[in-house]
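> One structure, as structure tokens, below. Some questions next.
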Amino acid sequence: MMSFYDCYLEYNDLDFENFFAQVTEADILRILRKNKITEYEFLALLSPVAENLLEDMAQRARQLSLQHFGKAILLFTPMYIANHCVNKCSYCGFNVENDIARKKLSLEEIEREAAAIAETGLRHILVLTGESRKETPLSYIVNAIKILRKYFQSISIEIYPLTEEEYQEVIEAGVDGLTIYQEVYDEKIYDKVHLAGPKKNYKFRLDAPERACKAKMRNVNIGALLGLNEWRREAFFTGLHASYLQNKYPDVEISISLPRIRPHKGVFEDVYLVNDRSLVQIMLATRIFLPYVGITISTRESQRLRDNLIPLGVTKMSAGVSTEVGGHTSATKGDSQFEIADKRNVAEMKEAILAKGYQPVFKNWLQF
């Protein structure tokens, strides 16, 4: 049976530079008039030529976003319950070799964090751990989920990749969403930046979103960590991956996040520049290619940029964020995964969204 890896191989040898050299502004304007575009037309929207027509792209993306999502922005916050990790990823603050304060919340501490977050009105939460099955076994995560169900209508997880049967187990416990980033789709760069640990297994991670879809996860959110490779290639493969999942599992809500590398504990200098204008182009091209896909912009981005992106296709934003373990209530916190840029609390984010003429949504469905 065909997997997304087969799709990756099909396009991996494409000569991107030669393709881009043939794209014209007339091509871009023609694409923007279409109701449905192809993979190659999506790639054309990521081209250097398309950068000259961002205003035209923005108008089309805004039209599609209003048509399919209205003026609603779903608010959520991440909750880090552990930062133990066995992987040696060169770009991550949780790298096993980094000298950071490691912490794992007790179930009592998890309940205190949950209560504090729920007080802000949020009903959607994203639970995160480092990747250590020893320190944070699935049984620990399931017990945490059972506590969180008392406070939140929607619980997503961002943990180590699971098997299909394990995804079924966390779904039964109360999880309805998965966030898992491939980090970088280029297989050679993936091998280079993942120096050691289970995460070095490219295909097991690549297939994780599909395993979650097979297990009947309600929402699956994917993405590449922008900055690990040339952004046009990574944005293209992220879009292809989302399209593959959307077409094969139409009952699953597929979303894309667009995270850029942020400062963190440790040193990683092999970064490909992704400026604000490039990020905007990625988001607009993605919305035009995938009108039904959710798009998340996190607090990795600045307050000003996040506010300006609201009308252009964003459907989900984080607020009141701490990337420290126990960051909402604990006196002794574990070190953070990366530095955030937008430090506004939930009330401030609510007002910012309203100021743009959009509606902040604290819950969009009920779990029975």
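Residue numbers start at 1 in each chain; chains themselves are named A, B, ... in the order of the structure tokens; ligands are numbered from 1 in the order shown.
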Please run DSSP on the backbone and report, as a compact mmCIF listing (two decimals) with N, CA and C atoms, in the first residue's frame, all residues within range 117-326 of chain A that come out as strand (DSSP E or B).


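Okay, part.txt is ready:
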# COMPACT_ATOMS: atom_id res chain seq x y z
N HIS A 124 -9.15 24.19 25.32
CA HIS A 124 -8.32 23.36 24.43
C HIS A 124 -6.89 23.41 24.93
N ILE A 125 -6.27 22.24 25.07
CA ILE A 125 -4.92 22.19 25.61
C ILE A 125 -4.07 21.23 24.78
N LEU A 126 -2.78 21.54 24.71
CA LEU A 126 -1.81 20.68 24.02
C LEU A 126 -0.80 20.21 25.05
N VAL A 127 -0.75 18.90 25.28
CA VAL A 127 0.13 18.31 26.29
C VAL A 127 1.44 17.90 25.64
N LEU A 128 2.56 18.37 26.23
CA LEU A 128 3.86 18.07 25.66
C LEU A 128 4.79 17.42 26.66
N SER A 154 -11.09 19.57 24.89
CA SER A 154 -10.25 19.04 23.81
C SER A 154 -8.81 18.91 24.30
N ILE A 155 -8.24 17.72 24.17
CA ILE A 155 -6.86 17.45 24.61
C ILE A 155 -6.07 16.91 23.44
N SER A 156 -5.02 17.63 23.09
CA SER A 156 -4.09 17.17 22.06
C SER A 156 -2.77 16.79 22.72
N ILE A 157 -2.00 15.97 22.04
CA ILE A 157 -0.71 15.55 22.58
C ILE A 157 0.40 15.84 21.57
N GLU A 158 1.56 16.20 22.09
CA GLU A 158 2.77 16.33 21.28
C GLU A 158 3.88 15.60 22.04
N GLY A 177 -6.62 15.02 19.63
CA GLY A 177 -5.74 15.66 18.68
C GLY A 177 -4.29 15.25 18.83
N LEU A 178 -3.58 15.21 17.71
CA LEU A 178 -2.15 14.91 17.71
C LEU A 178 -1.42 16.01 16.97
N THR A 179 -0.34 16.51 17.58
CA THR A 179 0.61 17.37 16.88
C THR A 179 1.93 16.62 16.81
N GLU A 183 9.83 17.77 11.47
CA GLU A 183 10.99 18.64 11.70
C GLU A 183 11.63 19.05 10.38
N HIS A 194 19.55 14.76 13.43
CA HIS A 194 19.16 13.82 14.48
C HIS A 194 20.33 12.87 14.70
N LEU A 195 21.17 13.24 15.64
CA LEU A 195 22.46 12.58 15.81
C LEU A 195 22.34 11.19 16.42
N ALA A 196 21.40 11.02 17.35
CA ALA A 196 21.23 9.73 18.03
C ALA A 196 19.87 9.70 18.70
N ASN A 219 -8.21 15.10 15.14
CA ASN A 219 -7.41 16.17 14.53
C ASN A 219 -5.95 15.77 14.51
N VAL A 220 -5.30 15.95 13.37
CA VAL A 220 -3.87 15.66 13.24
C VAL A 220 -3.19 16.90 12.66
N ASN A 221 -2.21 17.39 13.40
CA ASN A 221 -1.50 18.62 13.04
C ASN A 221 -0.04 18.29 12.74
N ILE A 222 0.43 18.69 11.55
CA ILE A 222 1.80 18.37 11.13
C ILE A 222 2.56 19.66 10.83
N ALA A 224 6.84 21.31 9.50
CA ALA A 224 8.31 21.25 9.47
C ALA A 224 8.83 22.39 10.33
N LEU A 226 10.80 25.24 10.39
CA LEU A 226 11.35 26.09 9.35
C LEU A 226 12.69 26.68 9.78
N GLU A 253 -9.67 15.90 10.73
CA GLU A 253 -9.35 17.32 10.51
C GLU A 253 -7.83 17.47 10.47
N ILE A 254 -7.29 17.86 9.34
CA ILE A 254 -5.85 17.99 9.16
C ILE A 254 -5.45 19.47 9.32
N SER A 255 -4.40 19.70 10.09
CA SER A 255 -3.92 21.06 10.31
C SER A 255 -2.41 21.12 10.07
N ILE A 256 -1.93 22.34 9.84
CA ILE A 256 -0.51 22.58 9.64
C ILE A 256 -0.06 23.70 10.57
N SER A 257 1.09 23.50 11.20
CA SER A 257 1.74 24.57 11.96
C SER A 257 2.95 25.05 11.17
N ARG A 260 9.02 28.48 13.27
CA ARG A 260 10.40 28.80 12.89
C ARG A 260 11.31 28.55 14.09
N GLY A 294 -6.50 23.48 8.65
CA GLY A 294 -6.28 24.43 9.73
C GLY A 294 -4.85 24.93 9.70
N ILE A 295 -4.62 26.18 10.11
CA ILE A 295 -3.27 26.75 10.13
C ILE A 295 -3.04 27.37 11.51
N THR A 296 -1.96 26.94 12.16
CA THR A 296 -1.61 27.42 13.50
C THR A 296 -0.37 28.29 13.44
N ILE A 297 -0.43 29.44 14.12
CA ILE A 297 0.73 30.31 14.30
C ILE A 297 0.96 30.44 15.80
N LYS A 316 -5.92 28.95 14.23
CA LYS A 316 -5.65 28.57 15.62
C LYS A 316 -4.41 29.31 16.11
N MET A 317 -4.48 29.84 17.36
CA MET A 317 -3.36 30.55 17.95
C MET A 317 -3.21 30.17 19.42
N SER A 318 -1.98 30.14 19.88
CA SER A 318 -1.74 29.86 21.30
C SER A 318 -1.72 31.16 22.09
N VAL A 325 8.41 23.29 32.04
CA VAL A 325 7.64 22.25 32.70
C VAL A 325 7.11 22.82 34.02

> Would you list the contacts of Ala347 in chain A as a PyMOL selection string, taking every protein, DNA or RNA residue within 10 Å and counting only C-alpha atoms, but skipping same-chain residues closer than 4 positions in sequence?

chain A and resi 120-121+319-320+351-352

> Select, from A:Asp27, A:Glu187, A:Cys7, A:Leu240, the residue with the minimum atom-to-atom distance to Val49 in chain A, counting only C-alpha atoms.

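Using only C-alpha atoms, Val49 in chain A sits closest to A:Asp27.
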
> Which distance in Å separates CA of Gln168 in chain A and CA of Val252 in chain A, to one decimal?

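Between these atoms lies a distance of 14.3 Å.
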
> Which neighbours of Ala72 in chain A fall inside 12 Å, counting only C-alpha atoms, when residues of the same chain fewer than 2 positions from it are skipped, and could you give them as a PyMOL selection string?

chain A and resi 65-70+74-75+294+310-311+313-317+350+353-354+356-364

> Hey, can you spit out that residue selection with C-alpha atoms as a short mmCIF file (atom, residue, chain, number, x, y, z; two decimals), in the first residue's frame?


data_model
loop_
_atom_site.label_atom_id
_atom_site.label_comp_id
_atom_site.auth_asym_id
_atom_site.auth_seq_id
_atom_site.Cartn_x
_atom_site.Cartn_y
_atom_site.Cartn_z
CA SER A 65 -10.39 31.49 4.80
CA LEU A 66 -13.58 33.49 5.29
CA GLN A 67 -15.48 31.06 3.06
CA HIS A 68 -14.42 27.94 4.97
CA PHE A 69 -13.66 29.16 8.51
CA GLY A 70 -15.41 32.51 8.92
CA LEU A 74 -9.46 28.97 18.16
CA LEU A 75 -7.33 29.62 21.26
CA GLY A 294 -6.28 24.43 9.73
CA ILE A 310 -4.96 36.91 11.64
CA PRO A 311 -6.87 37.99 8.49
CA GLY A 313 -5.63 32.37 6.95
CA VAL A 314 -4.80 31.57 10.58
CA THR A 315 -7.38 29.37 12.31
CA LYS A 316 -5.65 28.57 15.62
CA MET A 317 -3.36 30.55 17.95
CA LYS A 350 -8.65 37.74 23.16
CA ILE A 353 -8.28 39.06 18.01
CA LEU A 354 -11.41 41.14 18.67
CA LYS A 356 -8.99 42.66 14.18
CA GLY A 357 -12.73 42.00 13.84
CA TYR A 358 -12.38 38.28 14.54
CA GLN A 359 -13.94 36.08 17.20
CA PRO A 360 -11.75 34.25 19.73
CA VAL A 361 -13.11 30.75 20.29
CA PHE A 362 -12.44 28.98 23.59
CA LYS A 363 -14.16 25.74 22.67
CA ASN A 364 -15.59 24.57 19.37
#

> Which residue gives the smallest distance to Leu312 in chain A among A:Val280, A:Ala242, A:Ala215, A:Ala26, with only C-alpha atoms counted?

A:Val280

> Hey, which of A:Gln22, A:Ser302, A:Asn52, A:Thr38 ends up closest to Ser243 in chain A? Count only C-alpha atoms.

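Answer, going by the shortest atom-to-atom distance: A:Thr38.
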
> Please, what distance in Å, to one decimal, runs between CA of Leu309 in chain A and CA of Phe289 in chain A?

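Taking CA of Leu309 in chain A and CA of Phe289 in chain A, their separation equals 17.5 Å.
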
> Using DSSP assignments from the backbone, pull out every residue in range 15-255 of chain A that falls under helix (DSSP H, G or I) and give it to me as a VMD selection string.

chain A and resid 16 to 21 25 to 32 39 to 45 49 to 69 107 to 118 138 to 148 164 to 173 187 to 193 198 to 200 202 to 206 208 to 214 231 to 248

> Hey, what's within 10 Å of Leu284 in chain A if we count only C-alpha atoms and toss same-chain stuff fewer than 2 positions away? As an NGL selection string, please?

:A and (45-46 or 54-62 or 278-282 or 286-290 or 309 or 312-314)

> Which neighbours of Lys214 in chain A fall inside 12 Å, counting only C-alpha atoms, when residues of the same chain fewer than 3 positions from it are skipped, and could you give them as a list in words?

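In the requested format, the answer is Thr163, Glu164, Glu165, Glu166, Tyr167, Gln168, Ile171, Asp207, Ala208, Pro209, Glu210, Arg211, Met217, Arg218, Asn219, Val220, Leu245, Lys248, Tyr249, Pro250, Asp251 and Val252 of chain A.
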
> I'd like to know which of A:Val175, A:Leu228, A:Val86, A:Val293 is closest to Tyr244 in chain A, using only C-alpha atoms.

A:Val293

> Tell me which protein, DNA and RNA residues are within 9 Å of Glu111 in chain A, counting only C-alpha atoms, leaving out same-chain ones fewer than 3 positions away, and put them as a compact mmCIF listing (two decimals) with N, CA, C and O atoms, in the first residue's frame.


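What ended up in result-v1.txt:
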# COMPACT_ATOMS: atom_id res chain seq x y z
N SER A 106 4.29 15.56 38.80
CA SER A 106 3.49 14.52 39.44
C SER A 106 2.04 14.71 39.00
O SER A 106 1.67 15.75 38.45
N LEU A 107 1.21 13.73 39.25
CA LEU A 107 -0.20 13.85 38.88
C LEU A 107 -0.86 14.99 39.65
O LEU A 107 -1.75 15.68 39.12
N GLU A 108 -0.42 15.22 40.88
CA GLU A 108 -0.96 16.34 41.66
C GLU A 108 -0.56 17.67 41.03
O GLU A 108 -1.38 18.60 40.96
N ALA A 114 -3.52 22.24 35.40
CA ALA A 114 -4.77 22.19 34.64
C ALA A 114 -5.78 23.18 35.20
O ALA A 114 -6.43 23.92 34.45
N ALA A 115 -5.91 23.21 36.51
CA ALA A 115 -6.86 24.12 37.15
C ALA A 115 -6.51 25.57 36.87
O ALA A 115 -7.39 26.40 36.59
N ALA A 116 -5.22 25.89 36.93
CA ALA A 116 -4.78 27.27 36.68
C ALA A 116 -5.05 27.68 35.23
O ALA A 116 -5.49 28.81 34.97
N ALA A 144 -2.27 11.21 33.04
CA ALA A 144 -2.35 12.68 32.95
C ALA A 144 -3.59 13.10 32.17
O ALA A 144 -4.30 14.04 32.57
N ILE A 147 -6.81 13.07 34.14
CA ILE A 147 -6.96 14.24 35.00
C ILE A 147 -7.40 15.45 34.17
O ILE A 147 -8.31 16.20 34.56
N LEU A 148 -6.77 15.65 33.02
CA LEU A 148 -7.05 16.81 32.19
C LEU A 148 -8.47 16.81 31.64
O LEU A 148 -9.03 17.88 31.37
N TYR A 151 -11.00 19.14 33.10
CA TYR A 151 -10.87 20.58 32.92
C TYR A 151 -11.01 21.06 31.47
O TYR A 151 -11.30 22.23 31.24

> Excluding Lys88 in chain A and its own-chain neighbours fewer than 6 positions away, which residues fall within 10 Å of it when counting only C-alpha atoms? Please give them as a list in words.

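Residues near the query, excluding close chain neighbours: Phe94, Asn95, Val96, Glu97, Asn98, Val193, His194, Leu195, Ala196, Gly197, Pro198, Lys199 and Lys200 of chain A.
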
> So that I have them on file, write out the residues from the current selection with C-alpha atoms, as a PDB file, in the first residue's frame.


ATOM      1  CA  PHE A  94      15.683  19.187  25.220  1.00  0.00           C
ATOM      2  CA  ASN A  95      18.733  17.480  23.615  1.00  0.00           C
ATOM      3  CA  VAL A  96      19.812  14.672  25.962  1.00  0.00           C
ATOM      4  CA  GLU A  97      23.317  16.160  26.186  1.00  0.00           C
ATOM      5  CA  ASN A  98      22.175  19.670  27.143  1.00  0.00           C
ATOM      6  CA  VAL A 193      20.476  16.865  12.572  1.00  0.00           C
ATOM      7  CA  HIS A 194      19.156  13.824  14.480  1.00  0.00           C
ATOM      8  CA  LEU A 195      22.456  12.577  15.809  1.00  0.00           C
ATOM      9  CA  ALA A 196      21.232   9.733  18.026  1.00  0.00           C
ATOM     10  CA  GLY A 197      18.127   8.308  19.680  1.00  0.00           C
ATOM     11  CA  PRO A 198      14.854   6.746  18.474  1.00  0.00           C
ATOM     12  CA  LYS A 199      13.932   9.961  16.644  1.00  0.00           C
ATOM     13  CA  LYS A 200      16.654   9.140  14.098  1.00  0.00           C
TER      14      LYS A 200
END

> To one decimal in Å, tell me the separation between CA of Ala173 in chain A and CA of Lys216 in chain A.

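Separation between CA of Ala173 in chain A and CA of Lys216 in chain A: 13.2 Å.
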